[in-house]
Amino acid sequence: TLRLICTTTAVQRKNVGASGPEKYTEAFIKKQIEEFNLGKRHLANMMGEDPETFTQEDIDRAIAYLFPSGLFDKRARPLMKHPTEVFPEQRKIQWGEDGRPFHFLFYTGKQSYYSLMHETYEKFLNVQKHQDQLTAQDLPVQKEKRNLAGSRWLTKIELEEMLLEQVSDDDYSRFIQLLQKLVALPCADIEEKYIQKFSKELPVQLQKVVIEPLQHDERGVAFSTGEGKRKTARATAVVYDNGTGKITVNGIDILHYFPVLQDREQLLFPFQFLGRIGIHDMVCTVSGGGRSAQAGAIRLASAKALRSFVTEKEVEFMRQAGLLTVDPRVKERKKPGQEGSRRKFTWKKR
Amino acid sequence: GERGTGKTMTLCHVVHYCSRQGWLVLHVPDAHLWVKNCKELFQSSYNKARLDQPLQASVWLKNFKTSNERFLEEIKTQKKYIWGRRESTEEGRPLREVVEQGLARARSASDAVAVLLRELKQQSQRGSFRLLVAVDGVNALWGRTTLSKEDKSPVSPEELTLVHSLRKMLSNDWTGGAIVTTLSQTGSLFKPSSAYTPQELLGKEGFDALDPFVPIPVPNYSPKEFESCYSYYLERRWLQHEKARTEDGKAELRFLSGSNPRQLDRLAGP
């Protein structure tokens with residue numbers, strides 16, 4: 001299991017659900033839901049589709065079509081969603097007409113947190129009892145382990161959203177420790193369902209880069225293609241085997257296309273790194289960018305094409321040498337109040 | 001041939017060979033110098049329509065004198081030439097006097113050159129010596145010039161005495177010698193940088209004037225030539241980098257220079 005160390009922009013979002021008494025009454029929310037459903041049917045009518053089978057995706061598409069907006073921030077664009085998603089959940093008033101609170105832990109201040117801790121500890125004791133029972137019956141206890149690497153615990157924010165009240169750092173860490181202790185027990189599978197409520201799967205997986213196999217020309221010559229880009233220049237390269245080391249760019253020889261030595265050195269680099277200078281022929285097309293950007297783009301494209309000719313270890317070497325990574329540097333935007341992207345106007349004292 | 005493939009070098013080879021053999025060598029290092037960036041232009045005294053270039057003419061005369069000392073003694077003039085009011089050269093005087101006259105008086109330098117060329121042409125036909133005319137950048141003689149007259153009208157190469165006399169030399173109406181010329185794009189005016197065939201660089205006029213000629217293409221280095229050049233640089237210890245001695249370094253050099261002699265020279269040189 002992983003614990004998130006770095007915080008995201010979610011931290012800056014205030015948890016509206018946990019602050020203060022209700023701002024939206026129940027009647028208000030019900031009215032909003034009715035209005036939303038009506039509006040959905042109207043919209044389906046307008047778009048000419050069936051009101052019964054109008055899903056949320058259809059709504060989004062219809063709104064984007066009817067109200068096109070060029071704003072960059074997606075959250076600023078027109079939105080039509082179910083009120084439960086729009087209005088955050090509110091804590092209902094927790095005491096009755098006579099002033100007597102409903103929950104027995106109300107006067108602790110953090111009622112839902114403590115109730116959660118009690119519940120979890122109850123499960124924990126349950127599991128221990130079950131384990132003792134099994135050892136008493138001398139049955140083997142180990143069952144399959146949960147996959148720890150593919151999931152993570154809820155973050156503090158998510159926990160707060162779930163409990164609808166503020167949770168401090170200490171409390172959160174104690175809760176996570178308890179969960180971990182619970183999971184560490186061998187018979188934790190019984191409470192699997194309960195634990196799943198508090199864990200999330202990590203969707204991020206490393207994409208394995210597929211190396212394409214060599215293709216063969218009509219004459220029988222092996223070749224492979226690669227694409228590269230650098231700062232607005234896009235290039236495609238086709239590397240042939242059995243060549244003399246000639247390179248053609250957009251139909252022109254590199255000596256004429258790149259009169260500057262520096263650009264030709266950039267082109268030379270992948271071949272020199274692998275030691276295959278006079279072996280391969282190359283034909284490439286490039287567009288956009290300037291002289292240097294085009295050279296960088298062709299370099300990347302040729303390195304990608306050469307992967308098919310070379311062993312995996314050498315591919316790893318190339319990757320570490322930085323031949324296979326796209327250069328992320330682009331021109332920085334000019335800001336208002338400044339003359340360029342970094343240069344400020346001349347500062348005058350008076 | 002394209003830029004930097006060694007046309008001037010081959011011309012120099014030819015000049016050296018001929019001078020070893022004992023020919024009289026008329027070598028113009030770069031005809032572009034005569035049509036570009038000239039500071040002084042005078043109206044010619046001999047022919048009112050034309051313009052003189054004393055600077056370039058005197059420079060060339062000096063070079064000619066140092067290279068062909070022996071011949072200047074032997075050859076004699078055949079006509080009487082008058083250089084202005086007080087000076088004149090009699091018939092039968094050695095050509096050296098003509099040259100010295102041109103060097104002494106800047107105004108008549110271009111006329112001296114014209115006289116020289118005419119004499120040499122006539123006398124080579126007789127067969128007492130063999131004449132080699134070697135001109136580098138011959139496409140300058142038929143292109144445009146960057147010079148202009150005092151009233152800002154452009155000058156065509158016809159109106160320059162030096163160019164006119166050289167054209168007469170290059171035309172095909174004398175025997176007893178050889179003409180070797182090279183075209184050069186680097187100095188040429190108002191021509192695109194990708195032009196390298198005789199037709200493009202000379203223009204129609206020039207092509208017709210030089211008509212029956214044998215074009216010799218000068219390509220980049222062949223693999224053998226590259227090897228020999230590389231070993232020469234190695235011997236002369238121009239390649240300072242240790243890695244340049246290896247096979248890989250050689251392949252690198254070959255790639256980066258694209259087998260172009262000039263590029264290889266710049267890469268390998270100091």
# chains A, B, ... in the order shown; residues from 1 in each chain; ligands from 1
call {"tool": "interface_residues", "arguments": {"of": "chain A", "to": "chain B", "cutoff": "8 Å", "atoms": "only C-alpha atoms", "output": "compact mmCIF listing (two decimals) with all heavy atoms, in the first residue's frame"}}
result
# COMPACT_ATOMS: atom_id res chain seq x y z
N GLY A 245 25.38 4.73 -45.96
CA GLY A 245 25.46 5.82 -44.99
C GLY A 245 25.03 7.15 -45.56
O GLY A 245 25.33 8.20 -45.01
N ILE A 254 21.95 15.86 -47.02
CA ILE A 254 22.10 16.61 -45.77
C ILE A 254 23.12 17.72 -45.87
O ILE A 254 23.02 18.74 -45.20
CB ILE A 254 22.50 15.73 -44.56
CG1 ILE A 254 23.60 14.75 -44.91
CG2 ILE A 254 21.33 15.05 -43.98
CD1 ILE A 254 24.28 14.22 -43.68
N LEU A 255 24.13 17.54 -46.77
CA LEU A 255 25.13 18.59 -46.91
C LEU A 255 24.51 19.90 -47.38
O LEU A 255 24.92 20.99 -46.99
CB LEU A 255 26.17 18.18 -47.95
CG LEU A 255 27.52 17.72 -47.41
CD1 LEU A 255 28.50 17.61 -48.55
CD2 LEU A 255 28.06 18.67 -46.37
N LEU A 261 27.49 22.62 -39.30
CA LEU A 261 28.05 21.38 -38.79
C LEU A 261 27.27 20.85 -37.61
O LEU A 261 27.09 19.64 -37.44
CB LEU A 261 29.50 21.67 -38.36
CG LEU A 261 30.26 20.50 -37.80
CD1 LEU A 261 30.47 19.47 -38.86
CD2 LEU A 261 31.57 20.96 -37.23
N ARG A 264 24.40 18.61 -38.47
CA ARG A 264 24.82 17.30 -38.96
C ARG A 264 25.34 16.43 -37.83
O ARG A 264 25.16 15.21 -37.83
CB ARG A 264 25.90 17.46 -40.03
CG ARG A 264 25.32 17.63 -41.43
CD ARG A 264 26.37 17.92 -42.44
NE ARG A 264 26.76 19.30 -42.38
CZ ARG A 264 27.94 19.75 -42.74
NH1 ARG A 264 28.85 18.94 -43.19
NH2 ARG A 264 28.23 21.03 -42.65
N GLU A 265 25.94 17.06 -36.84
CA GLU A 265 26.40 16.28 -35.67
C GLU A 265 25.21 15.67 -34.95
O GLU A 265 25.27 14.53 -34.48
CB GLU A 265 27.18 17.19 -34.72
CG GLU A 265 28.63 17.29 -35.05
CD GLU A 265 29.37 18.20 -34.09
OE1 GLU A 265 28.75 18.69 -33.15
OE2 GLU A 265 30.56 18.39 -34.32
N LEU A 268 24.18 12.69 -36.73
CA LEU A 268 25.16 11.63 -36.62
C LEU A 268 25.04 10.87 -35.31
O LEU A 268 25.34 9.68 -35.25
CB LEU A 268 26.56 12.25 -36.73
CG LEU A 268 27.75 11.36 -36.44
CD1 LEU A 268 27.91 10.35 -37.52
CD2 LEU A 268 28.99 12.18 -36.31
N GLN A 272 26.31 7.07 -34.41
CA GLN A 272 27.62 6.96 -33.81
C GLN A 272 27.53 6.21 -32.49
O GLN A 272 28.41 5.42 -32.15
CB GLN A 272 28.17 8.38 -33.56
CG GLN A 272 29.58 8.39 -33.10
CD GLN A 272 29.94 9.75 -32.54
OE1 GLN A 272 29.09 10.53 -32.15
NE2 GLN A 272 31.21 10.04 -32.53
N GLY A 275 27.42 2.75 -33.20
CA GLY A 275 28.53 2.31 -34.01
C GLY A 275 28.13 1.83 -35.38
O GLY A 275 28.78 1.00 -35.98
N ILE A 277 27.62 3.62 -38.44
CA ILE A 277 27.56 4.83 -39.28
C ILE A 277 27.39 4.49 -40.74
O ILE A 277 26.52 5.01 -41.43
CB ILE A 277 28.84 5.66 -39.09
CG1 ILE A 277 28.99 6.02 -37.61
CG2 ILE A 277 28.76 6.91 -39.91
CD1 ILE A 277 30.12 6.96 -37.32
N GLY A 278 28.19 3.61 -41.28
CA GLY A 278 28.15 3.40 -42.73
C GLY A 278 27.20 2.31 -43.17
O GLY A 278 27.14 1.96 -44.34
call {"tool": "select_by_dssp", "arguments": {"residues": "range 120-339 of chain A", "states": "strand (DSSP E)", "output": "JSON, numbers by chain"}}
result
{"A": [151, 152, 153, 199, 200, 201, 215, 216, 222, 223, 224, 225, 226, 227, 228, 229, 230, 233, 234, 235, 236, 237, 238, 239, 240, 247, 248, 249, 252, 253, 281, 282, 283, 284, 285, 286, 287]}
call {"tool": "residues_around", "arguments": {"residues": "Pro29 in chain B", "least_positions_apart": "5", "cutoff": "12 Å", "atoms": "only C-alpha atoms", "output": "list in words"}}
result
Thr8, Met9, Leu11, Cys12, Val15, Trp34, Gln56, Val59, Trp60, Asn63, Phe64, Val133, Ala134, Val135, Asp136, Gly137, Val138, Thr181, Thr182, Leu183, Ser184 and Gly187 of chain B
call {"tool": "residues_around", "arguments": {"residues": "Tyr194 in chain A", "least_positions_apart": "4", "cutoff": "12 Å", "atoms": "only C-alpha atoms", "output": "ChimeraX atom specification"}}
result
/A:116,119-124,179,182-183,188-190,198-199
call {"tool": "residues_around", "arguments": {"residues": "Glu314 in chain A", "least_positions_apart": "3", "cutoff": "12 Å", "atoms": "only C-alpha atoms", "output": "PDB file with N, CA, C and O atoms, in the first residue's frame"}}
result
ATOM      1  N   PRO A 270      22.824   9.360 -33.149  1.00  0.00           N
ATOM      2  CA  PRO A 270      22.316   8.002 -32.884  1.00  0.00           C
ATOM      3  C   PRO A 270      23.162   6.924 -33.539  1.00  0.00           C
ATOM      4  O   PRO A 270      23.471   5.905 -32.926  1.00  0.00           O
ATOM      5  N   PHE A 273      26.466   6.464 -31.746  1.00  0.00           N
ATOM      6  CA  PHE A 273      26.290   5.822 -30.452  1.00  0.00           C
ATOM      7  C   PHE A 273      26.231   4.311 -30.588  1.00  0.00           C
ATOM      8  O   PHE A 273      26.761   3.564 -29.787  1.00  0.00           O
ATOM      9  N   LEU A 274      25.535   3.858 -31.646  1.00  0.00           N
ATOM     10  CA  LEU A 274      25.431   2.419 -31.848  1.00  0.00           C
ATOM     11  C   LEU A 274      26.577   1.886 -32.677  1.00  0.00           C
ATOM     12  O   LEU A 274      26.670   0.679 -32.890  1.00  0.00           O
ATOM     13  N   GLY A 275      27.419   2.748 -33.196  1.00  0.00           N
ATOM     14  CA  GLY A 275      28.533   2.311 -34.008  1.00  0.00           C
ATOM     15  C   GLY A 275      28.129   1.831 -35.383  1.00  0.00           C
ATOM     16  O   GLY A 275      28.784   0.996 -35.983  1.00  0.00           O
ATOM     17  N   ALA A 303      16.447   7.650 -34.035  1.00  0.00           N
ATOM     18  CA  ALA A 303      16.728   6.801 -32.877  1.00  0.00           C
ATOM     19  C   ALA A 303      15.591   5.805 -32.677  1.00  0.00           C
ATOM     20  O   ALA A 303      15.815   4.618 -32.407  1.00  0.00           O
ATOM     21  N   LEU A 306      15.812   3.105 -35.233  1.00  0.00           N
ATOM     22  CA  LEU A 306      16.936   2.193 -35.046  1.00  0.00           C
ATOM     23  C   LEU A 306      16.669   1.151 -33.971  1.00  0.00           C
ATOM     24  O   LEU A 306      17.371   0.149 -33.898  1.00  0.00           O
ATOM     25  N   ARG A 307      15.650   1.411 -33.135  1.00  0.00           N
ATOM     26  CA  ARG A 307      15.363   0.442 -32.068  1.00  0.00           C
ATOM     27  C   ARG A 307      15.096  -0.945 -32.627  1.00  0.00           C
ATOM     28  O   ARG A 307      15.429  -1.946 -32.009  1.00  0.00           O
ATOM     29  N   SER A 308      14.474  -0.995 -33.821  1.00  0.00           N
ATOM     30  CA  SER A 308      14.103  -2.308 -34.361  1.00  0.00           C
ATOM     31  C   SER A 308      15.320  -3.093 -34.814  1.00  0.00           C
ATOM     32  O   SER A 308      15.271  -4.308 -34.940  1.00  0.00           O
ATOM     33  N   PHE A 309      16.434  -2.380 -35.085  1.00  0.00           N
ATOM     34  CA  PHE A 309      17.602  -3.079 -35.610  1.00  0.00           C
ATOM     35  C   PHE A 309      18.518  -3.579 -34.512  1.00  0.00           C
ATOM     36  O   PHE A 309      19.505  -4.242 -34.793  1.00  0.00           O
ATOM     37  N   VAL A 310      18.213  -3.253 -33.282  1.00  0.00           N
ATOM     38  CA  VAL A 310      19.228  -3.328 -32.236  1.00  0.00           C
ATOM     39  C   VAL A 310      18.720  -4.159 -31.061  1.00  0.00           C
ATOM     40  O   VAL A 310      17.525  -4.284 -30.869  1.00  0.00           O
ATOM     41  N   THR A 311      19.616  -4.744 -30.243  1.00  0.00           N
ATOM     42  CA  THR A 311      19.184  -5.570 -29.104  1.00  0.00           C
ATOM     43  C   THR A 311      18.541  -4.701 -28.020  1.00  0.00           C
ATOM     44  O   THR A 311      18.710  -3.492 -28.006  1.00  0.00           O
ATOM     45  N   PHE A 317      20.397   1.366 -23.339  1.00  0.00           N
ATOM     46  CA  PHE A 317      21.491   2.348 -23.337  1.00  0.00           C
ATOM     47  C   PHE A 317      21.069   3.630 -24.017  1.00  0.00           C
ATOM     48  O   PHE A 317      21.345   4.731 -23.566  1.00  0.00           O
ATOM     49  N   MET A 318      20.356   3.470 -25.137  1.00  0.00           N
ATOM     50  CA  MET A 318      19.908   4.648 -25.885  1.00  0.00           C
ATOM     51  C   MET A 318      18.969   5.477 -25.037  1.00  0.00           C
ATOM     52  O   MET A 318      19.033   6.709 -25.016  1.00  0.00           O
ATOM     53  N   ARG A 319      18.089   4.770 -24.321  1.00  0.00           N
ATOM     54  CA  ARG A 319      17.110   5.493 -23.505  1.00  0.00           C
ATOM     55  C   ARG A 319      17.818   6.277 -22.423  1.00  0.00           C
ATOM     56  O   ARG A 319      17.475   7.417 -22.112  1.00  0.00           O
ATOM     57  N   GLN A 320      18.880   5.627 -21.833  1.00  0.00           N
ATOM     58  CA  GLN A 320      19.590   6.333 -20.774  1.00  0.00           C
ATOM     59  C   GLN A 320      20.416   7.478 -21.329  1.00  0.00           C
ATOM     60  O   GLN A 320      20.660   8.454 -20.634  1.00  0.00           O
ATOM     61  N   ALA A 321      20.824   7.348 -22.574  1.00  0.00           N
ATOM     62  CA  ALA A 321      21.581   8.441 -23.177  1.00  0.00           C
ATOM     63  C   ALA A 321      20.679   9.601 -23.533  1.00  0.00           C
ATOM     64  O   ALA A 321      21.161  10.670 -23.878  1.00  0.00           O
ATOM     65  N   LEU A 323      18.387   9.505 -25.999  1.00  0.00           N
ATOM     66  CA  LEU A 323      18.114   9.582 -27.435  1.00  0.00           C
ATOM     67  C   LEU A 323      16.654   9.345 -27.748  1.00  0.00           C
ATOM     68  O   LEU A 323      16.180   9.683 -28.809  1.00  0.00           O
ATOM     69  N   LEU A 324      15.931   8.712 -26.808  1.00  0.00           N
ATOM     70  CA  LEU A 324      14.565   8.327 -27.112  1.00  0.00           C
ATOM     71  C   LEU A 324      13.525   9.213 -26.443  1.00  0.00           C
ATOM     72  O   LEU A 324      12.343   8.993 -26.584  1.00  0.00           O
TER      73      LEU A 324
END
call {"tool": "residues_around", "arguments": {"residues": "range 157-168 of chain B", "least_positions_apart": "6", "cutoff": "8 Å", "atoms": "only C-alpha atoms", "output": "number ranges by chain"}}
result
B: 34-35, 44, 49-53, 57, 110-111, 113-114, 117-118, 141-145
call {"tool": "write_last_selection", "arguments": {"atoms": "N, CA and C atoms", "output": "CSV table (one decimal), in the first residue's frame"}}
result
chain,number,residue,atom,x,y,z
B,34,TRP,N,37.3,41.3,-60.6
B,34,TRP,CA,37.3,42.4,-61.6
B,34,TRP,C,36.0,43.1,-61.7
B,35,VAL,N,34.9,42.4,-61.4
B,35,VAL,CA,33.6,42.9,-61.6
B,35,VAL,C,32.9,43.3,-60.3
B,44,SER,N,38.3,55.2,-70.2
B,44,SER,CA,39.5,54.7,-71.0
B,44,SER,C,39.9,55.8,-72.0
B,49,ALA,N,34.1,54.7,-74.8
B,49,ALA,CA,32.9,54.1,-74.2
B,49,ALA,C,33.2,53.2,-73.1
B,50,ARG,N,34.5,52.8,-72.9
B,50,ARG,CA,34.8,51.8,-71.9
B,50,ARG,C,35.4,52.4,-70.6
B,51,LEU,N,35.4,51.6,-69.6
B,51,LEU,CA,35.9,52.0,-68.3
B,51,LEU,C,37.1,51.2,-67.9
B,52,ASP,N,38.1,51.9,-67.2
B,52,ASP,CA,39.3,51.3,-66.8
B,52,ASP,C,39.3,50.9,-65.3
B,53,GLN,N,40.1,49.9,-65.0
B,53,GLN,CA,40.3,49.6,-63.6
B,53,GLN,C,41.7,49.5,-63.2
B,57,ALA,N,44.2,46.0,-62.5
B,57,ALA,CA,45.1,45.7,-63.6
B,57,ALA,C,46.5,45.7,-63.1
B,110,SER,N,45.3,49.2,-67.5
B,110,SER,CA,44.4,48.3,-68.2
B,110,SER,C,44.7,48.2,-69.7
B,111,ASP,N,45.1,49.4,-70.2
B,111,ASP,CA,45.5,49.3,-71.7
B,111,ASP,C,46.7,48.4,-71.9
B,113,VAL,N,47.4,45.9,-70.2
B,113,VAL,CA,47.0,44.5,-70.1
B,113,VAL,C,46.4,44.1,-71.5
B,114,ALA,N,45.6,45.0,-72.0
B,114,ALA,CA,44.9,44.7,-73.3
B,114,ALA,C,46.0,44.4,-74.4
B,117,LEU,N,47.7,41.1,-73.9
B,117,LEU,CA,46.9,39.9,-74.3
B,117,LEU,C,46.9,39.8,-75.9
B,118,ARG,N,46.8,41.0,-76.5
B,118,ARG,CA,46.7,40.9,-78.0
B,118,ARG,C,48.0,40.4,-78.6
B,141,LEU,N,32.7,36.9,-66.3
B,141,LEU,CA,32.9,37.8,-67.5
B,141,LEU,C,31.6,38.0,-68.2
B,142,TRP,N,30.6,37.1,-68.0
B,142,TRP,CA,29.4,37.3,-68.7
B,142,TRP,C,28.1,37.6,-67.8
B,143,GLY,N,28.4,37.8,-66.6
B,143,GLY,CA,27.2,38.0,-65.7
B,143,GLY,C,26.9,39.5,-65.6
B,144,ARG,N,26.5,40.0,-64.5
B,144,ARG,CA,26.3,41.5,-64.3
B,144,ARG,C,27.4,41.9,-63.3
B,145,THR,N,27.5,43.2,-63.2
B,145,THR,CA,28.5,43.7,-62.2
B,145,THR,C,27.8,44.5,-61.1
call {"tool": "select_by_dssp", "arguments": {"residues": "range 19-169 of chain B", "states": "alpha helix (DSSP H)", "output": "PyMOL selection string"}}
result
chain B and resi 19-21+32-35+54-67+69-74+95-104+109-126+161-169
call {"tool": "write_last_selection", "arguments": {"atoms": "C-alpha atoms", "output": "mmCIF file, in the first residue's frame"}}
result
data_model
loop_
_atom_site.group_PDB
_atom_site.id
_atom_site.type_symbol
_atom_site.label_atom_id
_atom_site.label_comp_id
_atom_site.auth_asym_id
_atom_site.auth_seq_id
_atom_site.Cartn_x
_atom_site.Cartn_y
_atom_site.Cartn_z
ATOM 1 C CA SER B 19 54.654 25.930 -66.034
ATOM 2 C CA ARG B 20 56.898 22.958 -65.326
ATOM 3 C CA GLN B 21 56.660 22.035 -68.940
ATOM 4 C CA HIS B 32 35.036 37.979 -59.870
ATOM 5 C CA LEU B 33 37.466 40.434 -58.339
ATOM 6 C CA TRP B 34 37.350 42.424 -61.559
ATOM 7 C CA VAL B 35 33.600 42.937 -61.575
ATOM 8 C CA PRO B 54 43.778 50.623 -62.637
ATOM 9 C CA LEU B 55 43.927 48.844 -59.283
ATOM 10 C CA GLN B 56 43.110 45.362 -60.391
ATOM 11 C CA ALA B 57 45.094 45.732 -63.562
ATOM 12 C CA SER B 58 48.261 46.757 -61.740
ATOM 13 C CA VAL B 59 47.918 43.915 -59.245
ATOM 14 C CA TRP B 60 47.560 41.417 -62.005
ATOM 15 C CA LEU B 61 50.472 42.844 -63.954
ATOM 16 C CA LYS B 62 52.718 42.504 -60.925
ATOM 17 C CA ASN B 63 51.799 38.858 -60.531
ATOM 18 C CA PHE B 64 52.265 38.211 -64.203
ATOM 19 C CA LYS B 65 55.688 39.798 -64.130
ATOM 20 C CA THR B 66 56.922 37.678 -61.240
ATOM 21 C CA SER B 67 55.622 34.447 -62.717
ATOM 22 C CA GLU B 69 60.071 36.701 -66.135
ATOM 23 C CA ARG B 70 61.848 34.720 -68.795
ATOM 24 C CA PHE B 71 59.200 35.073 -71.465
ATOM 25 C CA LEU B 72 58.931 38.797 -71.061
ATOM 26 C CA GLU B 73 62.494 39.126 -72.261
ATOM 27 C CA GLU B 74 62.052 36.975 -75.282
ATOM 28 C CA LEU B 95 57.201 42.987 -73.573
ATOM 29 C CA ARG B 96 58.697 43.741 -70.238
ATOM 30 C CA GLU B 97 58.681 47.381 -71.073
ATOM 31 C CA VAL B 98 54.980 47.257 -71.726
ATOM 32 C CA VAL B 99 54.448 45.684 -68.347
ATOM 33 C CA GLU B 100 56.620 48.187 -66.578
ATOM 34 C CA GLN B 101 54.871 50.998 -68.342
ATOM 35 C CA GLY B 102 51.564 49.675 -67.050
ATOM 36 C CA LEU B 103 52.922 49.385 -63.521
ATOM 37 C CA ALA B 104 54.428 52.826 -63.519
ATOM 38 C CA ALA B 109 47.514 49.801 -66.706
ATOM 39 C CA SER B 110 44.402 48.288 -68.216
ATOM 40 C CA ASP B 111 45.492 49.344 -71.664
ATOM 41 C CA ALA B 112 48.814 47.650 -71.019
ATOM 42 C CA VAL B 113 46.964 44.480 -70.134
ATOM 43 C CA ALA B 114 44.932 44.676 -73.306
ATOM 44 C CA VAL B 115 48.048 45.186 -75.365
ATOM 45 C CA LEU B 116 49.753 42.278 -73.669
ATOM 46 C CA LEU B 117 46.920 39.929 -74.343
ATOM 47 C CA ARG B 118 46.692 40.910 -77.959
ATOM 48 C CA GLU B 119 50.405 40.427 -78.500
ATOM 49 C CA LEU B 120 50.429 37.061 -76.818
ATOM 50 C CA LYS B 121 47.528 35.888 -78.897
ATOM 51 C CA GLN B 122 49.126 36.870 -82.149
ATOM 52 C CA GLN B 123 52.510 35.482 -81.291
ATOM 53 C CA SER B 124 51.399 32.160 -79.934
ATOM 54 C CA GLN B 125 49.948 31.381 -83.289
ATOM 55 C CA ARG B 126 53.413 31.494 -84.702
ATOM 56 C CA THR B 161 38.512 46.989 -70.682
ATOM 57 C CA LEU B 162 39.886 44.101 -68.693
ATOM 58 C CA VAL B 163 36.829 41.995 -69.241
ATOM 59 C CA HIS B 164 36.639 42.864 -72.898
ATOM 60 C CA SER B 165 40.231 41.948 -73.580
ATOM 61 C CA LEU B 166 39.932 38.719 -71.644
ATOM 62 C CA ARG B 167 36.885 37.731 -73.604
ATOM 63 C CA LYS B 168 38.819 38.162 -76.793
ATOM 64 C CA MET B 169 41.463 35.835 -75.390
#
call {"tool": "atom_distance", "arguments": {"atom1": "CA of Lys30 in chain A", "atom2": "CA of Glu165 in chain A"}}
result
23.1 Å
call {"tool": "residues_around", "arguments": {"residues": "Ala178 in chain B", "least_positions_apart": "3", "cutoff": "10 Å", "atoms": "only C-alpha atoms", "output": "PyMOL selection string"}}
result
chain B and resi 23+25+130-134+170+172+174-175+181
call {"tool": "closest_residue", "arguments": {"among": "B:Gly1, B:Gly6, B:Pro154, B:Pro215", "to": "Asp265 in chain B", "atoms": "only C-alpha atoms"}}
result
B:Gly6
call {"tool": "atom_distance", "arguments": {"atom1": "CA of Pro219 in chain B", "atom2": "CA of Gln185 in chain B"}}
result
14.7 Å
call {"tool": "closest_residue", "arguments": {"among": "B:Arg262, B:Thr10, B:Cys38, B:Gly177", "to": "Phe129 in chain B", "atoms": "only C-alpha atoms"}}
result
B:Gly177
call {"tool": "closest_residue", "arguments": {"among": "A:Thr244, A:Val86, A:Glu57, A:Val330", "to": "Pro223 in chain B", "atoms": "only C-alpha atoms"}}
result
A:Thr244
call {"tool": "atom_distance", "arguments": {"atom1": "CA of Met162 in chain A", "atom2": "CA of Lys81 in chain A"}}
result
20.6 Å
